[in-house]
$ cat data19.cif   # mmCIF, C-alpha atoms
data_structure
#
loop_
_atom_site.label_atom_id
_atom_site.label_comp_id
_atom_site.auth_asym_id
_atom_site.auth_seq_id
_atom_site.Cartn_x
_atom_site.Cartn_y
_atom_site.Cartn_z
CA MET A 1 -176.94 202.59 9.50
CA LYS A 2 -173.26 201.70 9.73
CA THR A 3 -172.42 205.29 10.65
CA LEU A 4 -175.03 205.35 13.42
CA GLY A 5 -173.72 202.05 14.78
CA LEU A 6 -170.14 203.36 14.70
CA ILE A 7 -171.11 206.56 16.54
CA LEU A 8 -173.07 204.58 19.14
CA PHE A 9 -170.11 202.23 19.64
CA MET A 10 -167.72 205.16 20.10
CA VAL A 11 -170.01 206.93 22.60
CA VAL A 12 -170.56 203.78 24.69
CA GLY A 13 -166.87 202.88 24.53
CA SER A 14 -165.75 206.31 25.70
CA LEU A 15 -167.99 206.50 28.77
CA ASN A 16 -165.18 205.20 30.99
CA LEU A 17 -162.89 208.00 29.81
CA PHE A 18 -164.92 210.86 31.29
CA GLY A 19 -163.86 210.47 34.89
CA GLN A 20 -160.96 209.10 36.83
CA GLN A 21 -161.58 206.41 39.35
CA TYR A 22 -159.73 206.74 42.63
CA LYS A 23 -159.09 204.03 45.10
CA THR A 24 -158.44 205.02 48.68
CA VAL A 25 -155.93 202.89 50.51
CA GLU A 26 -155.27 202.98 54.22
CA LEU A 27 -151.69 203.94 54.98
CA LYS A 28 -149.82 201.39 57.04
CA PRO A 29 -146.83 201.90 59.33
CA ILE A 30 -143.30 201.46 58.05
CA ALA A 31 -140.99 199.28 60.14
CA LYS A 32 -137.22 199.50 59.92
CA GLN A 33 -134.56 197.09 61.04
CA GLY A 34 -131.14 198.49 60.38
CA TRP A 35 -131.10 199.41 56.69
CA ARG A 36 -134.06 197.15 55.85
CA TYR A 37 -137.53 198.58 55.51
CA TYR A 38 -140.90 196.82 55.81
CA TYR A 39 -144.28 198.11 54.71
CA ASP A 40 -147.36 196.04 55.57
CA PHE A 41 -145.04 193.25 56.85
CA LYS A 42 -143.39 192.95 53.42
CA ARG A 43 -139.73 193.68 52.91
CA LEU A 44 -139.08 196.46 50.44
CA GLY A 45 -136.35 196.35 47.81
CA GLY A 46 -134.81 199.62 48.93
CA PRO A 47 -135.50 203.10 50.24
CA ILE A 48 -136.85 204.26 46.88
CA ALA A 49 -139.91 202.02 47.40
CA LEU A 50 -140.93 204.20 50.36
CA GLU A 51 -141.61 207.18 48.13
CA VAL A 52 -145.33 206.52 47.64
CA PRO A 53 -146.37 206.17 51.31
CA LEU A 54 -144.09 209.01 52.43
CA ILE A 55 -145.54 211.38 49.84
CA ALA A 56 -149.12 210.13 50.41
CA ILE A 57 -149.05 211.33 54.01
CA ASN A 58 -148.95 214.88 52.57
CA ASP A 59 -146.67 216.35 55.23
CA GLU A 60 -144.08 218.97 54.29
CA GLU A 61 -141.45 217.93 56.81
CA THR A 62 -141.69 214.23 55.91
CA PHE A 63 -141.40 215.06 52.22
CA ARG A 64 -138.43 217.39 52.85
CA LEU A 65 -136.60 214.73 54.87
CA TYR A 66 -137.25 212.12 52.18
CA LYS A 67 -136.03 214.40 49.36
CA THR A 68 -132.92 215.31 51.40
CA SER A 69 -132.19 211.63 51.92
CA LYS A 70 -132.63 210.92 48.23
CA THR A 71 -130.32 213.82 47.25
CA ILE A 72 -127.61 212.82 49.73
CA ARG A 73 -127.64 209.22 48.50
CA ALA A 74 -127.45 210.39 44.85
CA VAL A 75 -124.42 212.56 45.64
CA GLY A 76 -122.80 209.60 47.39
CA GLN A 77 -123.32 207.42 44.33
CA ALA A 78 -121.85 210.11 42.07
CA LEU A 79 -118.70 210.24 44.22
CA GLY A 80 -117.94 206.68 43.12
CA PHE A 81 -116.98 207.97 39.66
CA ILE A 82 -114.06 210.11 40.89
CA PRO A 83 -111.39 207.41 40.30
CA LEU A 84 -112.79 206.81 36.81
CA PHE A 85 -112.57 210.52 36.02
CA TYR A 86 -108.96 210.50 37.25
CA ILE A 87 -108.06 207.69 34.84
CA ILE A 88 -109.89 209.33 31.94
CA SER A 89 -108.25 212.72 32.54
CA ILE A 90 -104.70 211.33 32.25
CA PRO A 91 -103.10 212.22 28.89
CA GLU A 92 -102.23 209.39 26.48
CA ASN A 93 -98.53 209.42 27.28
CA GLY A 94 -99.09 210.37 30.91
CA PHE A 95 -98.32 208.35 33.99
CA ILE A 96 -100.94 207.16 36.47
CA ASN A 97 -99.60 207.51 39.97
CA PRO A 98 -100.74 204.35 41.80
CA SER A 99 -100.68 205.95 45.24
CA THR A 100 -102.84 208.86 44.06
CA PHE A 101 -105.25 206.44 42.41
CA TRP A 102 -105.63 204.29 45.53
CA ILE A 103 -106.06 207.38 47.71
CA LEU A 104 -108.86 208.51 45.40
CA VAL A 105 -110.47 205.05 45.48
CA GLY A 106 -110.30 204.85 49.28
CA SER A 107 -111.55 208.38 49.88
CA SER A 108 -114.41 208.00 47.39
CA LEU A 109 -115.48 204.74 49.06
CA ALA A 110 -115.32 206.38 52.49
CA ALA A 111 -117.34 209.35 51.21
CA GLN A 112 -119.89 207.00 49.64
CA LEU A 113 -120.31 205.10 52.89
CA GLY A 114 -120.66 208.34 54.84
CA MET A 115 -123.25 209.74 52.44
CA GLU A 116 -125.20 206.48 52.44
CA THR A 117 -125.22 206.47 56.25
CA LEU A 118 -126.35 210.10 56.41
CA GLY A 119 -129.04 209.41 53.80
CA HIS A 120 -130.41 206.48 55.79
CA PHE A 121 -130.35 208.61 58.95
CA LYS A 122 -132.48 211.28 57.25
CA LEU A 123 -134.79 208.61 55.83
CA GLY A 124 -135.16 207.14 59.34
CA LYS A 125 -136.26 210.55 60.62
CA ALA A 126 -138.81 210.78 57.79
CA ILE A 127 -140.13 207.30 58.64
CA ASP A 128 -140.40 208.18 62.33
CA ARG A 129 -142.40 211.31 61.46
CA TYR A 130 -144.59 209.32 59.05
CA ASN A 131 -145.35 206.69 61.72
CA LEU A 132 -146.11 209.42 64.25
CA LEU A 133 -148.61 211.02 61.88
CA ILE A 134 -150.21 207.67 61.02
CA PHE A 135 -150.86 206.82 64.67
CA GLN A 136 -152.04 210.28 65.76
CA PRO A 137 -155.76 210.26 66.52
CA SER A 138 -157.92 212.64 64.53
CA SER A 139 -159.32 215.74 66.19
CA ASN A 140 -162.87 214.37 66.40
CA SER A 141 -162.00 211.06 68.07
CA LEU A 142 -162.28 210.19 71.72
CA GLY A 143 -159.25 208.99 73.59
CA LEU A 144 -156.10 209.91 75.41
CA GLN A 145 -152.92 211.04 73.75
CA ILE A 146 -149.55 211.06 75.46
CA LYS A 147 -146.48 212.60 73.85
CA LEU A 148 -143.07 211.72 75.19
CA GLN A 149 -139.86 213.35 74.06
CA PHE A 150 -136.49 211.94 74.89
#
$ encode --input "data19.cif" --output "structure tokens"
Amino acid sequence: MKTLGLILFMVVGSLNLFGQQYKTVELKPIAKQGWRYYYDFKRLGGPIALEVPLIAINDEETFRLYKTSKTIRAVGQALGFIPLFYIISIPENGFINPSTFWILVGSSLAAQLGMETLGHFKLGKAIDRYNLLIFQPSSNSLGLQIKLQF
């Protein structure tokens, strides 16, 4: 009797495991103000939070622009370690040239800023494409569509 009760408990308890439950969510537009991003009128912590809606639109060009932005920003962050590598690579009895060090610090900061700016530019293009796809009417809807290119 205990075995039958255990088997019945296991069968009833595992019924929820047979299928996945999906929830469909309506995609909302992404607003940008400078380097700040808003989704559903809520400010996002950073560009990485835009990954889910940008991938959910299922558009190759939007995904490519987002991945390019992410890669460029990662390279920019890696450039910040150049002065540290310079200090580590000096031999124990070696001399650290202050002017070389400060040139490396300044150039790595400038490169980081440039990469961050380029990454946000690419992300802005991905957001613009995403918003365009969100607001495009479907093929079976009635209405007027006007496309303007500047």
$ axis_aligned_box --input "data19.cif" --around "region 115-125 of chain A" --padding-each-side "6 Å" --output "AutoDock Vina command-line options"
--center_x -129.8 --center_y 208.9 --center_z 56.5 --size_x 25.0 --size_y 16.8 --size_z 20.2
$ residues_around --input "data19.cif" --residues "region 116-122 of chain A" --least-positions-apart "2" --cutoff "6 Å" --atoms "all atoms listed in the file" --output "number ranges by chain"
A: 65, 69, 72-73, 113-114, 124-125
$ closest_residue --input "data19.cif" --among "A:Leu84, A:Leu123, A:Leu109, A:Leu133" --to "Ile48 (chain A)" --atoms "only C-alpha atoms"
A:Leu123
$ atom_distance --input "data19.cif" --atom1 "CA of Tyr37 (chain A)" --atom2 "CA of Ala74 (chain A)"
18.8 Å
$ atom_distance --input "data19.cif" --atom1 "CA of Gln136 (chain A)" --atom2 "CA of Asp59 (chain A)"
13.3 Å
$ resolve_selection --input "data19.cif" --expression "the PyMOL selection byres ((chain A and resi 129) around 12)" --output "list in words"
Pro29, Ile30, Leu54, Ile57, Asn58, Asp59, Glu60, Glu61, Thr62, Phe63, Arg64, Leu65, Tyr66, Lys122, Leu123, Gly124, Lys125, Ala126, Ile127, Asp128, Tyr130, Asn131, Leu132, Leu133, Ile134, Phe135 and Gln136 of chain A
$ atom_distance --input "data19.cif" --atom1 "CA of Lys32 (chain A)" --atom2 "CA of Ser108 (chain A)"
27.4 Å
$ closest_atom_pairs --input "data19.cif" --of "region 107-129 of chain A" --to "region 75-78 of chain A" --cutoff "7 Å" --atoms "all atoms listed in the file" --output "tab-separated table"
residue	atom	partner	partner_atom	distance
A:Ala111	CA	A:Gly76	CA	6.7
A:Gln112	CA	A:Gly76	CA	4.5
A:Met115	CA	A:Gly76	CA	5.1
A:Glu116	CA	A:Gly76	CA	6.4
